[in-house]
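For reference, model_13.cif (mmCIF, C-alpha atoms):
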data_target
loop_
_atom_site.label_atom_id
_atom_site.label_comp_id
_atom_site.auth_asym_id
_atom_site.auth_seq_id
_atom_site.Cartn_x
_atom_site.Cartn_y
_atom_site.Cartn_z
CA MET A 1 -46.54 -21.88 -33.41
CA THR A 2 -46.38 -22.00 -29.63
CA ASP A 3 -46.32 -25.70 -28.82
CA VAL A 4 -45.55 -28.89 -30.74
CA ARG A 5 -46.15 -32.28 -29.12
CA HIS A 6 -46.28 -35.88 -30.21
CA PRO A 7 -48.69 -37.44 -27.71
CA ILE A 8 -49.14 -40.55 -29.84
CA GLU A 9 -47.06 -42.15 -32.53
CA ASP A 10 -47.38 -40.79 -36.06
CA ALA A 11 -49.33 -37.72 -35.06
CA VAL A 12 -48.62 -34.19 -33.94
CA GLN A 13 -50.53 -31.82 -31.70
CA LEU A 14 -49.95 -28.18 -32.64
CA ARG A 15 -50.95 -25.08 -30.72
CA LEU A 16 -51.01 -21.79 -32.56
CA ASP A 17 -51.34 -18.18 -31.61
CA VAL A 18 -53.58 -16.74 -34.31
CA PRO A 19 -53.62 -12.94 -34.16
CA ASP A 20 -56.99 -11.28 -34.75
CA ARG A 21 -58.74 -14.60 -35.13
CA ILE A 22 -62.49 -14.94 -34.84
CA GLU A 23 -63.75 -17.66 -32.53
CA HIS A 24 -64.53 -20.88 -34.34
CA LEU A 25 -67.49 -23.13 -33.69
CA ALA A 26 -66.81 -26.58 -32.29
CA GLY A 27 -66.32 -28.83 -35.31
CA GLN A 28 -64.92 -26.24 -37.72
CA HIS A 29 -61.57 -26.58 -39.44
CA TYR A 30 -58.62 -24.51 -40.52
CA VAL A 31 -56.66 -24.67 -43.75
CA VAL A 32 -52.89 -24.81 -43.27
CA ARG A 33 -51.01 -23.50 -46.26
CA LEU A 34 -47.28 -24.11 -46.75
CA THR A 35 -45.19 -22.13 -49.21
CA ALA A 36 -41.75 -23.18 -50.50
CA GLU A 37 -39.01 -20.68 -51.37
CA ASP A 38 -39.92 -20.90 -55.06
CA GLY A 39 -43.56 -20.13 -54.40
CA TYR A 40 -44.78 -23.73 -54.60
CA ARG A 41 -47.73 -24.19 -52.24
CA ALA A 42 -49.53 -27.07 -50.61
CA GLN A 43 -52.53 -26.82 -48.33
CA ARG A 44 -54.69 -29.18 -46.28
CA SER A 45 -57.62 -28.81 -43.90
CA TYR A 46 -57.42 -29.82 -40.24
CA SER A 47 -60.15 -29.72 -37.61
CA ALA A 48 -59.57 -27.68 -34.49
CA ALA A 49 -59.50 -29.66 -31.23
CA SER A 50 -59.66 -26.55 -29.07
CA ALA A 51 -62.81 -25.02 -27.66
CA PRO A 52 -63.75 -21.66 -29.18
CA ASP A 53 -62.74 -19.65 -26.12
CA ASP A 54 -59.32 -21.30 -25.81
CA PRO A 55 -56.85 -18.43 -26.35
CA GLN A 56 -55.03 -20.63 -28.86
CA VAL A 57 -56.03 -22.85 -31.73
CA GLU A 58 -55.11 -26.50 -31.30
CA LEU A 59 -54.80 -28.80 -34.29
CA PHE A 60 -54.14 -32.53 -34.18
CA VAL A 61 -52.66 -33.99 -37.34
CA GLU A 62 -52.13 -37.61 -38.27
CA ARG A 63 -48.80 -38.16 -39.99
CA LEU A 64 -49.76 -39.87 -43.23
CA PHE A 65 -47.27 -42.02 -45.10
CA GLU A 66 -45.75 -39.71 -47.71
CA GLY A 67 -48.18 -36.99 -46.65
CA GLU A 68 -46.73 -33.85 -48.12
CA VAL A 69 -48.19 -31.51 -45.51
CA SER A 70 -48.64 -33.85 -42.53
CA THR A 71 -45.02 -35.08 -42.59
CA PHE A 72 -43.83 -31.47 -42.60
CA LEU A 73 -46.09 -30.59 -39.67
CA ALA A 74 -45.07 -33.72 -37.74
CA ASP A 75 -41.33 -33.70 -38.48
CA VAL A 76 -40.20 -30.16 -39.23
CA VAL A 77 -42.35 -27.59 -37.46
CA GLU A 78 -41.01 -26.11 -34.22
CA PRO A 79 -42.34 -23.62 -31.70
CA GLY A 80 -41.70 -20.13 -32.99
CA ASP A 81 -42.37 -21.03 -36.62
CA GLN A 82 -44.88 -18.97 -38.55
CA LEU A 83 -47.59 -20.85 -40.40
CA GLU A 84 -50.18 -19.46 -42.75
CA VAL A 85 -53.63 -20.57 -41.64
CA ARG A 86 -57.06 -19.73 -42.92
CA GLY A 87 -60.29 -20.20 -41.06
CA PRO A 88 -62.40 -21.08 -39.32
CA ILE A 89 -64.24 -22.86 -42.13
CA GLY A 90 -67.37 -24.96 -42.30
CA GLY A 91 -70.90 -24.35 -41.15
CA TRP A 92 -72.34 -27.86 -41.23
CA PHE A 93 -70.28 -30.14 -39.02
CA VAL A 94 -70.63 -27.83 -36.02
CA TRP A 95 -72.24 -28.20 -32.63
CA ASP A 96 -74.03 -25.19 -31.18
CA GLY A 97 -73.51 -26.16 -27.54
CA GLU A 98 -77.26 -26.41 -26.99
CA ARG A 99 -78.71 -29.44 -28.75
CA PRO A 100 -78.28 -33.02 -27.50
CA ALA A 101 -75.70 -34.76 -29.66
CA LEU A 102 -74.23 -38.18 -30.26
CA LEU A 103 -70.58 -38.00 -31.28
CA VAL A 104 -69.12 -40.95 -33.17
CA GLY A 105 -65.46 -40.81 -34.14
CA GLY A 106 -62.85 -43.12 -35.60
CA GLY A 107 -59.10 -42.52 -35.20
CA THR A 108 -58.18 -38.88 -35.74
CA GLY A 109 -61.85 -38.34 -36.56
CA VAL A 110 -62.26 -37.72 -32.83
CA VAL A 111 -60.51 -34.33 -33.14
CA PRO A 112 -63.54 -32.14 -33.95
CA LEU A 113 -65.51 -34.17 -31.39
CA VAL A 114 -62.94 -33.23 -28.74
CA ALA A 115 -63.60 -29.58 -29.59
CA MET A 116 -67.29 -30.28 -28.95
CA LEU A 117 -66.50 -32.05 -25.66
CA ARG A 118 -64.30 -29.18 -24.50
CA THR A 119 -67.01 -26.70 -25.45
CA ALA A 120 -69.55 -28.69 -23.45
CA ARG A 121 -67.22 -28.74 -20.43
CA ARG A 122 -66.77 -24.98 -20.53
CA LEU A 123 -70.51 -24.49 -20.79
CA GLY A 124 -71.12 -27.01 -17.99
CA ARG A 125 -73.28 -29.01 -20.41
CA THR A 126 -71.47 -32.32 -20.82
CA ASP A 127 -74.88 -33.90 -20.13
CA LEU A 128 -75.84 -33.00 -23.70
CA LEU A 129 -73.19 -35.24 -25.24
CA ARG A 130 -72.83 -38.97 -25.70
CA ILE A 131 -69.63 -40.20 -27.26
CA ALA A 132 -68.52 -43.40 -28.97
CA VAL A 133 -65.03 -43.63 -30.44
CA SER A 134 -63.05 -46.29 -32.21
CA ALA A 135 -59.32 -46.78 -32.77
CA ARG A 136 -57.01 -49.66 -33.58
CA THR A 137 -55.53 -49.58 -30.08
CA LEU A 138 -55.97 -47.32 -27.07
CA ALA A 139 -52.42 -46.02 -27.60
CA GLU A 140 -53.42 -44.85 -31.08
CA LEU A 141 -56.56 -43.03 -29.92
CA PRO A 142 -56.01 -39.26 -29.90
CA TYR A 143 -57.07 -37.59 -26.64
CA ALA A 144 -57.76 -41.01 -25.11
CA ASP A 145 -57.53 -39.82 -21.49
CA GLU A 146 -59.84 -36.91 -22.08
CA LEU A 147 -62.38 -39.08 -23.87
CA LEU A 148 -62.32 -41.82 -21.22
CA GLU A 149 -62.71 -39.25 -18.47
CA ALA A 150 -65.78 -37.92 -20.26
CA GLY A 151 -67.30 -41.39 -20.18
CA ALA A 152 -66.92 -42.10 -23.89
CA LEU A 153 -67.55 -45.61 -25.12
CA VAL A 154 -64.16 -46.68 -26.45
CA VAL A 155 -63.93 -49.51 -28.95
CA THR A 156 -60.56 -50.88 -30.06
CA THR A 157 -60.37 -53.03 -33.15
CA ARG A 158 -56.93 -54.64 -32.64
CA GLU A 159 -56.85 -55.31 -28.89
CA PRO A 160 -59.35 -55.94 -26.10
CA HIS A 161 -60.48 -52.91 -24.14
CA GLY A 162 -61.82 -53.47 -20.62
CA VAL A 163 -64.22 -56.39 -20.72
CA ARG A 164 -64.62 -56.02 -24.44
CA ALA A 165 -62.87 -58.14 -27.04
CA ALA A 166 -61.17 -56.53 -30.02
CA GLY A 167 -63.81 -55.57 -32.53
CA ARG A 168 -65.56 -52.88 -34.48
CA LEU A 169 -68.28 -50.52 -33.38
CA THR A 170 -71.68 -52.24 -33.63
CA ALA A 171 -75.31 -51.22 -33.73
CA ALA A 172 -75.68 -52.62 -30.20
CA ASP A 173 -73.08 -50.08 -29.02
CA LEU A 174 -75.04 -47.20 -30.44
CA VAL A 175 -78.59 -48.20 -29.43
CA PRO A 176 -78.32 -46.94 -25.82
CA LEU A 177 -76.63 -43.70 -26.94
CA TRP A 178 -79.28 -42.32 -29.23
CA GLU A 179 -82.90 -41.27 -28.95
CA PRO A 180 -85.08 -39.06 -31.17
CA GLY A 181 -84.09 -35.41 -31.16
CA ARG A 182 -80.39 -36.14 -30.83
CA THR A 183 -78.15 -35.06 -33.70
CA ALA A 184 -75.40 -37.50 -34.63
CA TYR A 185 -71.95 -36.27 -35.67
CA VAL A 186 -69.86 -38.92 -37.40
CA CYS A 187 -66.23 -38.24 -38.23
CA GLY A 188 -63.49 -40.52 -39.45
CA SER A 189 -61.93 -42.09 -42.51
CA ALA A 190 -64.21 -42.59 -45.48
CA GLY A 191 -64.58 -46.27 -44.57
CA PHE A 192 -65.34 -45.65 -40.89
CA ALA A 193 -67.76 -42.81 -41.61
CA GLU A 194 -69.63 -44.92 -44.15
CA VAL A 195 -70.04 -47.86 -41.80
CA ALA A 196 -70.88 -45.77 -38.72
CA SER A 197 -73.42 -43.58 -40.50
CA GLN A 198 -75.05 -46.65 -42.03
CA LEU A 199 -75.33 -48.24 -38.56
CA LEU A 200 -77.18 -45.14 -37.41
CA VAL A 201 -79.49 -45.15 -40.43
CA ASP A 202 -80.28 -48.81 -39.80
CA LEU A 203 -81.12 -47.97 -36.15
CA GLY A 204 -83.72 -45.55 -37.43
CA VAL A 205 -81.83 -42.29 -36.98
CA PRO A 206 -83.28 -39.92 -39.62
CA ALA A 207 -80.67 -39.21 -42.28
CA ALA A 208 -81.31 -35.50 -41.75
CA ASP A 209 -80.09 -35.86 -38.14
CA ILE A 210 -76.75 -37.37 -39.15
CA ARG A 211 -73.87 -35.05 -40.00
CA VAL A 212 -70.85 -36.70 -41.51
CA GLU A 213 -67.29 -35.54 -41.95
CA ARG A 214 -65.09 -37.91 -43.93
CA PHE A 215 -61.43 -37.61 -44.56
CA GLY A 216 -58.96 -39.59 -46.50
CA PRO A 217 -55.61 -39.10 -48.16
CA SER A 218 -57.03 -35.77 -49.28
CA GLY A 219 -57.86 -34.49 -45.83
CA MET B 1 -49.89 -13.59 -49.32
CA ALA B 2 -47.47 -14.83 -46.66
CA GLY B 3 -43.81 -15.53 -47.35
CA PRO B 4 -42.18 -18.95 -47.48
CA THR B 5 -42.69 -21.46 -44.67
CA ARG B 6 -39.40 -22.25 -42.91
CA GLY B 7 -38.10 -25.63 -43.95
CA PHE B 8 -40.86 -26.48 -46.43
CA LEU B 9 -39.56 -27.80 -49.72
CA GLY B 10 -42.66 -29.50 -51.09
CA ARG B 11 -42.61 -32.74 -52.91
CA ARG B 12 -43.95 -32.16 -56.38
CA ARG B 13 -41.34 -30.08 -58.08
CA GLU B 14 -42.59 -30.51 -61.62
CA ARG B 15 -46.22 -29.61 -61.62
CA ASP B 16 -48.45 -31.21 -64.15
CA PRO B 17 -49.95 -28.34 -66.17
CA ARG B 18 -53.35 -30.00 -65.75
CA LEU B 19 -53.24 -29.20 -62.00
CA PRO B 20 -55.03 -26.01 -60.96
CA PRO B 21 -53.30 -23.94 -58.24
CA GLY B 22 -53.21 -25.51 -54.78
CA GLN B 23 -54.23 -28.97 -56.08
CA TYR B 24 -52.32 -32.25 -56.11
CA ASP B 25 -52.64 -35.40 -58.18
CA VAL B 26 -54.45 -38.06 -56.13
CA GLY B 27 -53.44 -40.80 -58.59
CA ARG B 28 -55.67 -43.84 -58.75
CA ASP B 29 -57.59 -43.03 -55.55
CA TRP B 30 -60.96 -41.40 -55.58
CA PRO B 31 -61.64 -40.02 -52.10
CA VAL B 32 -65.24 -39.92 -50.89
CA LEU B 33 -66.44 -36.70 -49.30
CA THR B 34 -70.06 -36.43 -48.33
CA ALA B 35 -71.74 -34.56 -45.51
CA GLU B 36 -74.55 -37.05 -45.04
CA PRO B 37 -75.15 -40.80 -44.97
CA THR B 38 -74.95 -42.55 -48.33
CA PRO B 39 -78.51 -43.17 -49.55
CA ARG B 40 -79.50 -46.45 -51.19
CA ILE B 41 -81.40 -45.54 -54.33
CA SER B 42 -82.62 -48.14 -56.76
CA PRO B 43 -82.63 -47.14 -60.43
CA GLU B 44 -86.37 -48.02 -60.62
CA THR B 45 -87.26 -45.26 -58.16
CA TRP B 46 -84.81 -42.69 -59.52
CA SER B 47 -85.89 -39.95 -61.92
CA ILE B 48 -84.53 -36.63 -63.09
CA THR B 49 -86.73 -33.56 -63.31
CA VAL B 50 -86.00 -30.20 -64.93
CA ASP B 51 -88.33 -27.50 -63.63
CA GLY B 52 -88.50 -23.89 -62.48
CA ARG B 53 -88.04 -21.25 -65.17
CA VAL B 54 -88.73 -23.55 -68.10
CA GLU B 55 -91.55 -23.70 -70.63
CA ASN B 56 -91.89 -27.45 -70.42
CA PRO B 57 -91.10 -28.98 -67.00
CA THR B 58 -90.04 -32.55 -67.71
CA THR B 59 -89.28 -35.70 -65.73
CA TRP B 60 -87.37 -38.68 -67.11
CA SER B 61 -87.37 -42.12 -65.53
CA TRP B 62 -84.22 -44.27 -65.49
CA ASP B 63 -85.27 -45.98 -68.73
CA GLU B 64 -86.34 -42.76 -70.41
CA ALA B 65 -83.07 -41.05 -69.49
CA HIS B 66 -81.12 -43.98 -70.94
CA ARG B 67 -82.94 -43.61 -74.26
CA LEU B 68 -81.61 -40.05 -74.63
CA PRO B 69 -78.47 -39.57 -76.74
CA ARG B 70 -75.47 -40.89 -74.83
CA SER B 71 -72.76 -38.36 -74.00
CA GLU B 72 -69.35 -38.89 -72.43
CA TYR B 73 -66.78 -36.89 -70.53
CA ARG B 74 -63.12 -37.84 -70.53
CA GLY B 75 -60.86 -35.58 -68.52
CA ASP B 76 -59.96 -34.29 -65.09
CA ILE B 77 -61.92 -33.54 -61.92
CA HIS B 78 -60.93 -31.25 -59.03
CA CYS B 79 -62.09 -31.40 -55.40
CA VAL B 80 -61.95 -28.33 -53.15
CA THR B 81 -60.16 -30.42 -50.51
CA THR B 82 -57.15 -30.13 -52.90
CA TRP B 83 -57.08 -33.42 -54.78
CA SER B 84 -57.43 -33.62 -58.53
CA LYS B 85 -57.97 -36.78 -60.52
CA PHE B 86 -56.80 -37.06 -64.12
CA ASP B 87 -58.26 -38.96 -67.05
CA THR B 88 -61.64 -39.87 -65.63
CA TRP B 89 -64.30 -41.30 -67.90
CA PHE B 90 -67.99 -40.72 -67.25
CA ALA B 91 -71.04 -41.38 -69.41
CA GLY B 92 -74.69 -40.40 -69.30
CA VAL B 93 -76.56 -37.58 -70.94
CA SER B 94 -75.58 -33.98 -71.60
CA VAL B 95 -77.47 -31.40 -69.55
CA ASP B 96 -77.96 -29.59 -72.88
CA THR B 97 -80.18 -32.47 -74.01
CA LEU B 98 -82.38 -32.14 -70.91
CA LEU B 99 -82.62 -28.37 -71.28
CA GLU B 100 -83.50 -28.66 -74.96
CA ALA B 101 -86.60 -30.58 -73.93
CA ALA B 102 -87.47 -28.38 -70.95
CA ARG B 103 -86.79 -25.10 -72.81
CA PRO B 104 -85.48 -22.52 -70.28
CA THR B 105 -87.34 -19.20 -70.32
CA ALA B 106 -85.46 -16.03 -71.21
CA ASP B 107 -85.20 -14.99 -67.54
CA ALA B 108 -83.52 -18.25 -66.38
CA HIS B 109 -79.96 -17.44 -65.32
CA PHE B 110 -79.13 -19.92 -62.53
CA VAL B 111 -79.76 -23.52 -61.66
CA VAL B 112 -80.04 -25.38 -58.34
CA ALA B 113 -79.30 -29.09 -58.43
CA THR B 114 -81.09 -31.12 -55.75
CA SER B 115 -80.15 -34.61 -54.60
CA LYS B 116 -82.38 -37.36 -53.33
CA THR B 117 -80.83 -36.63 -49.91
CA GLY B 118 -81.88 -32.99 -49.99
CA TYR B 119 -78.34 -31.77 -50.77
CA THR B 120 -78.36 -28.74 -53.04
CA THR B 121 -75.80 -26.78 -55.03
CA ASN B 122 -76.19 -23.66 -57.14
CA LEU B 123 -74.65 -22.90 -60.52
CA PRO B 124 -74.85 -20.17 -63.13
CA LEU B 125 -76.87 -21.54 -66.07
CA GLU B 126 -73.98 -20.85 -68.43
CA ASP B 127 -71.85 -23.32 -66.43
CA VAL B 128 -74.16 -26.22 -67.27
CA THR B 129 -74.80 -25.40 -70.94
CA GLY B 130 -72.67 -25.65 -74.06
CA GLY B 131 -71.31 -29.16 -73.44
CA LYS B 132 -69.95 -28.40 -69.97
CA ALA B 133 -72.24 -30.52 -67.77
CA TRP B 134 -73.70 -34.01 -67.71
CA VAL B 135 -76.04 -36.22 -65.74
CA VAL B 136 -74.00 -39.44 -65.50
CA TRP B 137 -74.61 -43.05 -64.49
CA GLU B 138 -71.44 -44.68 -65.77
CA TYR B 139 -67.87 -44.44 -64.53
CA ASP B 140 -64.96 -46.17 -66.26
CA GLY B 141 -67.32 -48.31 -68.28
CA GLY B 142 -69.32 -49.61 -65.29
CA PRO B 143 -72.22 -48.40 -63.14
CA LEU B 144 -71.40 -45.30 -61.09
CA PRO B 145 -70.65 -46.56 -57.53
CA VAL B 146 -73.14 -45.44 -54.87
CA GLU B 147 -70.49 -43.74 -52.71
CA HIS B 148 -69.58 -41.61 -55.71
CA GLY B 149 -73.18 -40.60 -56.29
CA GLY B 150 -74.63 -43.64 -57.99
CA PRO B 151 -76.94 -44.46 -59.53
CA VAL B 152 -76.83 -40.95 -61.05
CA ARG B 153 -74.93 -37.75 -60.30
CA LEU B 154 -74.43 -34.38 -61.87
CA LEU B 155 -71.03 -33.83 -63.49
CA VAL B 156 -69.69 -30.30 -63.94
CA PRO B 157 -65.98 -31.05 -64.22
CA HIS B 158 -64.71 -27.53 -64.88
CA LEU B 159 -65.85 -26.48 -61.37
CA TYR B 160 -64.89 -27.87 -57.94
CA PHE B 161 -66.51 -31.23 -57.50
CA TRP B 162 -69.02 -30.32 -54.79
CA LYS B 163 -70.94 -28.68 -57.66
CA SER B 164 -71.31 -32.13 -59.23
CA ALA B 165 -74.17 -33.11 -56.91
CA LYS B 166 -74.30 -36.81 -56.06
CA TRP B 167 -77.63 -38.67 -56.31
CA VAL B 168 -79.05 -35.79 -58.38
CA THR B 169 -82.76 -35.91 -59.04
CA ARG B 170 -83.78 -32.35 -59.92
CA LEU B 171 -82.44 -29.32 -61.79
CA THR B 172 -84.42 -26.17 -61.02
CA LEU B 173 -83.87 -23.12 -63.18
CA LEU B 174 -84.01 -19.78 -61.40
CA GLN B 175 -83.99 -16.12 -62.20
CA ARG B 176 -81.73 -15.28 -59.23
CA ASP B 177 -78.89 -17.17 -57.61
CA GLN B 178 -79.81 -19.16 -54.52
CA PRO B 179 -76.91 -20.57 -52.47
CA GLY B 180 -76.92 -24.34 -51.98
CA PHE B 181 -75.74 -26.50 -49.09
CA TRP B 182 -71.99 -25.85 -49.06
CA GLU B 183 -72.45 -22.36 -50.47
CA GLN B 184 -74.52 -21.44 -47.38
CA ASN B 185 -71.76 -22.98 -45.28
CA GLY B 186 -68.91 -20.80 -46.45
CA TYR B 187 -68.03 -22.16 -49.88
CA HIS B 188 -67.89 -20.17 -53.09
CA ASP B 189 -70.95 -19.63 -55.29
CA ARG B 190 -69.11 -20.46 -58.52
CA GLY B 191 -66.11 -22.62 -57.54
CA ASP B 192 -63.71 -22.27 -60.49
CA PRO B 193 -60.58 -24.29 -59.58
CA TRP B 194 -58.38 -22.27 -61.95
CA ARG B 195 -59.27 -19.12 -60.00
CA GLU B 196 -59.09 -21.00 -56.70
CA GLN B 197 -62.63 -19.98 -55.78
CA ARG B 198 -62.81 -22.25 -52.75
CA TYR B 199 -64.54 -20.14 -50.14
CA GLN B 200 -66.88 -17.16 -50.07
CA GLY B 201 -64.79 -14.08 -50.78
CA ASP B 202 -62.19 -15.83 -52.97
#
Starting from the file, lay out its structure as structure tokens.
Amino acid sequence: MTDVRHPIEDAVQLRLDVPDRIEHLAGQHYVVRLTAEDGYRAQRSYSAASAPDDPQVELFVERLFEGEVSTFLADVVEPGDQLEVRGPIGGWFVWDGERPALLVGGGTGVVPLVAMLRTARRLGRTDLLRIAVSARTLAELPYADELLEAGALVVTTREPHGVRAAGRLTAADLVPLWEPGRTAYVCGSAGFAEVASQLLVDLGVPAADIRVERFGPSG
Amino acid sequence: MAGPTRGFLGRRRERDPRLPPGQYDVGRDWPVLTAEPTPRISPETWSITVDGRVENPTTWSWDEAHRLPRSEYRGDIHCVTTWSKFDTWFAGVSVDTLLEAARPTADAHFVVATSKTGYTTNLPLEDVTGGKAWVVWEYDGGPLPVEHGGPVRLLVPHLYFWKSAKWVTRLTLLQRDQPGFWEQNGYHDRGDPWREQRYQGD
């Protein structure tokens, strides 16, 4: 563990030096496995926020109430600690850096989308991406500055944002961001992912062009 | 295997013997994990087909499937994302009943389950025979909710739950194994939670 930060409340941003790692694809995740002295283990999956060619792996973890792994990562871990990680994992929710994509994220669901954005920046292909993200408040949106700078549509459900009143992501938000040939990546809580992917289906996005990553208490 | 993690105590000191390694009890929750949008499928348009290496390829409509002998599963389910859920109750029809009608040929050794969405998952034939697998439309005495695969899903509770394909509509028997959706994307071909077969190579 090389760096531990708490850029927003109830979350932790971790940077790890992973020896002999293979480069991940934007959107892939790592499994973090914790082992107690008596051999008891607990493991959870977390998406990488870093671009593949970042020399380190960056994870961003929401601290869940009574989360066995997330509270440990948020409250106990310090730089210099050794963590067991496994990955990268997942071959579906990944962006190849070549195809036009619409990224739709809710809360910490923006993390794998940030990896895609960073990948696009390094490739000089941010023109391929359109981004819409939702959070309760701007202060609770992970990587808010980076997303705003990239021109992401930011929707906040508990406070106004810019000229926009507090409210959820709507079909009208997504209409100008999608056209045929664009793959949609939806990531967020089970509830957010369900609503957002259904909005896209109702807009006429073929189900085969919608890739969904849901997380919940399990994630 | 790495040594202990500094400062990690872990919460669940007394492990329920029903929990496979690396799993935790999710309690009353039932998390939803799906890689694609939830399809809306009306029972009238749903059917289940058994084909491939069988002597008698057969399709059952919703009504026809419901006239088959009812079979139930009461027990635990295990998701590869590390939650397990105890004491679930599903009802539908045993896969044995479907295979009895379709009559697998002697060279059938594997099965691919296909969903209405195009999702696929592969299983050894012996993992869906002998009272180990069901096609279910009821959960806890009510209709199976759509986000959990309703109207009808496959249920193979002794394997990780991605094998229990939601919105199942076809079981194709094969001579050779053919990796499904998650299996092509890094997950294990069999997925036995007691052996922690999560990813390819486990």
Original post:
Just so the selection is clear, what residues does the PyMOL selection byres ((chain B) within 9 of (chain A)) cover here, as number ranges by chain?
Top reply: B: 1-13, 21-24, 26, 29, 31-39, 81-83, 117-118, 147, 181-182, 184-187, 199
**OP:** Quick one: apply the PyMOL selection byres ((chain B and resi 168) around 12) to the file and drop the selected residues here as a ChimeraX atom specification.
**Re:** /B:39,41,46-50,112-121,134-137,146,148-155,162-167,169-172
**OP:** Record the distance separating CA of Phe90 in chain B and CA of Leu68 in chain B, expressed in Å with one decimal.
**Re:**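 One can read the CA of Phe90 in chain B to CA of Leu68 in chain B distance as 15.5 Å.
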Original post:
Hey, what comes out of the PyMOL selection byres ((chain A and resi 138) around 9) on this file? Could you write it as a list in words?
Top reply: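 Taken over the shown coordinates, the PyMOL selection byres ((chain A and resi 138) around 9) returns Ser134, Ala135, Arg136, Thr137, Ala139, Glu140, Leu141, Pro142, Ala144, Val154, Val155, Thr156, Glu159 and His161 of chain A.
The spacing separating CA of His29 in chain A from CA of Val111 in chain B amounts to 28.9 Å.
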Original post:
Between B:Lys132, B:Arg103, B:Arg70, B:Lys85, which is the closest to Leu173 in chain B once you count only C-alpha atoms?
Top reply: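 Of all the options, B:Arg103 lies closest to Leu173 in chain B.
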**OP:** Enter the distance from CA of Gly92 in chain B to CA of His66 in chain B, in Å, rounded to one decimal.
**Re:** 7.5 Å
**OP:** Would you kindly return, as a list in words, each protein, DNA or RNA residue with an atom no farther than 10 Å from any atom of Leu174 in chain A, considering all atoms listed in the file and excluding same-chain residues fewer than 5 positions away?
**Re:** Leu102, Val104, Arg130, Ile131, Ala132, Leu153, Leu169, Glu179, Ala196, Leu199, Leu200 and Leu203 of chain A
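Counting all atoms listed in the file, Arg198 in chain B has the following residues at most 8 Å away, ignoring those fewer than 4 positions along the same chain: Val80, Tyr160, Tyr187, His188, Gly191, Asp192, Pro193 and Asp202 of chain B.
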**OP:** Give as a ChimeraX atom specification every residue, naming chains and numbers as the document does, that has an atom within 10 Å of (-43.4, -31.3, -37.5), counting only C-alpha atoms.
**Re:** /A:4-6,11-14,61,63,69-79
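Every protein, DNA or RNA residue with an atom at most 7 Å from range 108-114 of chain A, where all atoms listed in the file count and chain neighbours fewer than 2 positions away do not, is listed here: Ala26, Gly27, Ser47, Ala48, Ala49, Phe60, Glu62, Leu103, Gly105, Gly106, Met116, Leu117, Arg118, Val133, Pro142, Cys187 and Gly188 of chain A.
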Counting only C-alpha atoms, which residues come within 9 Å of (-57.3, -25.8, -31.3), with the point read in the file's coordinates, and could you list them as a PDB file with C-alpha atoms, in the coordinates of the input?
ATOM      1  CA  LEU A  14     -49.950 -28.180 -32.640  1.00  0.00           C
ATOM      2  CA  ARG A  15     -50.950 -25.080 -30.720  1.00  0.00           C
ATOM      3  CA  LEU A  16     -51.010 -21.790 -32.560  1.00  0.00           C
ATOM      4  CA  SER A  47     -60.150 -29.720 -37.610  1.00  0.00           C
ATOM      5  CA  ALA A  48     -59.570 -27.680 -34.490  1.00  0.00           C
ATOM      6  CA  ALA A  49     -59.500 -29.660 -31.230  1.00  0.00           C
ATOM      7  CA  SER A  50     -59.660 -26.550 -29.070  1.00  0.00           C
ATOM      8  CA  ALA A  51     -62.810 -25.020 -27.660  1.00  0.00           C
ATOM      9  CA  PRO A  52     -63.750 -21.660 -29.180  1.00  0.00           C
ATOM     10  CA  ASP A  54     -59.320 -21.300 -25.810  1.00  0.00           C
ATOM     11  CA  PRO A  55     -56.850 -18.430 -26.350  1.00  0.00           C
ATOM     12  CA  GLN A  56     -55.030 -20.630 -28.860  1.00  0.00           C
ATOM     13  CA  VAL A  57     -56.030 -22.850 -31.730  1.00  0.00           C
ATOM     14  CA  GLU A  58     -55.110 -26.500 -31.300  1.00  0.00           C
ATOM     15  CA  LEU A  59     -54.800 -28.800 -34.290  1.00  0.00           C
ATOM     16  CA  PHE A  60     -54.140 -32.530 -34.180  1.00  0.00           C
ATOM     17  CA  ALA A 115     -63.600 -29.580 -29.590  1.00  0.00           C
TER      18      ALA A 115
END
Atoms added to range 49-55 of chain B (N, CA and C atoms), reported as a compact mmCIF listing (two decimals), in the coordinates of the input:
# COMPACT_ATOMS: atom_id res chain seq x y z
N THR B 49 -85.74 -34.56 -62.93
CA THR B 49 -86.73 -33.56 -63.31
C THR B 49 -86.02 -32.23 -63.61
N VAL B 50 -86.45 -31.57 -64.67
CA VAL B 50 -86.00 -30.20 -64.93
C VAL B 50 -87.22 -29.30 -64.80
N ASP B 51 -87.16 -28.36 -63.85
CA ASP B 51 -88.33 -27.50 -63.63
C ASP B 51 -87.89 -26.08 -63.29
N GLY B 52 -88.79 -25.30 -62.76
CA GLY B 52 -88.50 -23.89 -62.48
C GLY B 52 -88.79 -23.04 -63.71
N ARG B 53 -87.84 -22.19 -64.05
CA ARG B 53 -88.04 -21.25 -65.17
C ARG B 53 -87.84 -21.95 -66.51
N VAL B 54 -88.76 -22.84 -66.81
CA VAL B 54 -88.73 -23.55 -68.10
C VAL B 54 -90.14 -23.56 -68.67
N GLU B 55 -90.23 -23.67 -70.00
CA GLU B 55 -91.55 -23.70 -70.63
C GLU B 55 -92.20 -25.06 -70.50
